[in-house]
Amino acid sequence: MEWHVEGVVFLHPPDVYTGSFDNAKMQARHERQMQDKLAQIKDAVNREGDPLKAMKLLHFKDHFQFFRNNLEQFRQAGRLEAAVLVLYGRLNGPFSSGGDAEVWNELFAVCDPERLYALGEPVSFSSATVFRGSVSGLVRSLSWTPDRRRAEGFAERWKDPSLGGGELFEVDIVKTDIMVYLKHRHEDEVLLKPAFVESAEIRPFRGNGM
């Protein structure tokens, strides 16, 4: 398969030394080894017919560019929604925004809602309160959890102002506000629809009875 690789730099895996040598012979040998490694990566990617598997063969810093280059191929292969979740999970977290929110809103908007929803767990509740613990200022994220204790742990981890300060927020949702419900090893995560997050009445968590 011939993939579009414009802007993909084929970054070397961590086990490949990317520095230089003062000795000319050693430097020449090193450059040959680097070129061989690049050729192996390119060949492996081009032999892979599944765009998601091809993306995962690359260094993770190349994943986003490869995806954007080959978005239609991902769609045609029925892998677009899975790829968006892989990228979002790697580049986003309680402690980072993972880039421009508009970019993620755009990518989730091109996903098929039913396919995306089907990649997660069934939502058993009609309404719930979900929580987000994060570095201060990252309030309107798509990622939330129904597990308050887990969210509290995130906020506690970053409470030191020198680390950005930790905050805990909550918001009330109904089932139709959810794009996909994911169960990880240590956490349940709900990804909320961008339109809902943009206008939702998000409030600081004040504790029970407050």
# chains A, B, ... in the order shown; residues from 1 in each chain; ligands from 1

call {"tool": "residues_around", "arguments": {"residues": "A:Gln65", "least_positions_apart": "2", "cutoff": "9 Å", "atoms": "only C-alpha atoms", "output": "VMD selection string"}}
result
chain A and resid 5 to 8 61 to 63 67 to 70

call {"tool": "write_last_selection", "arguments": {"atoms": "N, CA, C and O atoms", "output": "compact mmCIF listing (two decimals), in the first residue's frame"}}
result
# COMPACT_ATOMS: atom_id res chain seq x y z
N VAL A 5 2.88 10.23 2.89
CA VAL A 5 3.79 10.45 4.01
C VAL A 5 4.37 11.86 4.03
O VAL A 5 5.39 12.11 4.68
N GLU A 6 3.71 12.79 3.35
CA GLU A 6 4.19 14.17 3.37
C GLU A 6 4.21 14.68 4.81
O GLU A 6 3.22 14.56 5.53
N GLY A 7 5.33 15.25 5.22
CA GLY A 7 5.44 15.80 6.57
C GLY A 7 5.74 14.77 7.64
O GLY A 7 5.97 15.12 8.79
N VAL A 8 5.73 13.48 7.27
CA VAL A 8 6.08 12.42 8.22
C VAL A 8 7.60 12.28 8.19
O VAL A 8 8.18 12.04 7.15
N LYS A 61 5.30 10.22 17.50
CA LYS A 61 5.25 11.63 17.11
C LYS A 61 4.87 11.81 15.64
O LYS A 61 4.53 12.91 15.22
N ASP A 62 4.93 10.74 14.87
CA ASP A 62 4.52 10.78 13.47
C ASP A 62 3.07 10.38 13.26
O ASP A 62 2.54 10.53 12.16
N HIS A 63 2.42 9.86 14.30
CA HIS A 63 1.08 9.30 14.12
C HIS A 63 0.07 10.33 13.63
O HIS A 63 -0.70 10.05 12.70
N PHE A 67 -1.98 10.22 10.10
CA PHE A 67 -3.44 10.13 10.11
C PHE A 67 -4.06 11.23 9.26
O PHE A 67 -4.95 10.97 8.43
N ARG A 68 -3.62 12.47 9.45
CA ARG A 68 -4.19 13.58 8.69
C ARG A 68 -3.94 13.39 7.19
O ARG A 68 -4.80 13.69 6.37
N ASN A 69 -2.76 12.87 6.86
CA ASN A 69 -2.45 12.65 5.44
C ASN A 69 -3.35 11.60 4.79
O ASN A 69 -3.62 11.66 3.59
N ASN A 70 -3.76 10.62 5.58
CA ASN A 70 -4.46 9.45 5.03
C ASN A 70 -5.87 9.29 5.59
O ASN A 70 -6.39 8.17 5.68

call {"tool": "residues_around", "arguments": {"residues": "A:Leu191", "least_positions_apart": "5", "cutoff": "7 Å", "atoms": "only C-alpha atoms", "output": "list in words"}}
result
Leu142, Ser143, Trp144, Ile178, Met179, Val180 and Tyr181 of chain A

call {"tool": "select_by_dssp", "arguments": {"residues": "stretch 3-206 of chain A", "states": "alpha helix (DSSP H)", "output": "PyMOL selection string"}}
result
chain A and resi 24-47+51-57+60-69+71-76+80-91+101-110+113-118+148-157+194-199

call {"tool": "residues_around", "arguments": {"residues": "A:Val174", "least_positions_apart": "4", "cutoff": "10 Å", "atoms": "only C-alpha atoms", "output": "list in words"}}
result
Phe125, Ser126, Ser127, Ala128, Thr129 and Ile178 of chain A

call {"tool": "residues_around", "arguments": {"residues": "A:Val110", "least_positions_apart": "4", "cutoff": "9 Å", "atoms": "only C-alpha atoms", "output": "PyMOL selection string"}}
result
chain A and resi 80-81+105-106

call {"tool": "select_by_dssp", "arguments": {"residues": "chain A", "states": "strand (DSSP E or B)", "output": "JSON, numbers by chain"}}
result
{"A": [93, 96, 127, 128, 129, 130, 131, 132, 133, 134, 135, 143, 144, 145, 166, 167, 168, 169, 170, 171, 172, 173, 174, 178, 179, 180, 181, 182, 183, 188, 189, 190, 191, 192, 203, 204]}

call {"tool": "residues_around", "arguments": {"residues": "A:Leu57", "least_positions_apart": "5", "cutoff": "8 Å", "atoms": "only C-alpha atoms", "output": "list in words"}}
result
Ile41, Ala44 and Val45 of chain A

call {"tool": "atom_distance", "arguments": {"atom1": "atom CA of A:Arg75", "atom2": "atom CA of A:Gly49"}}
result
13.3 Å
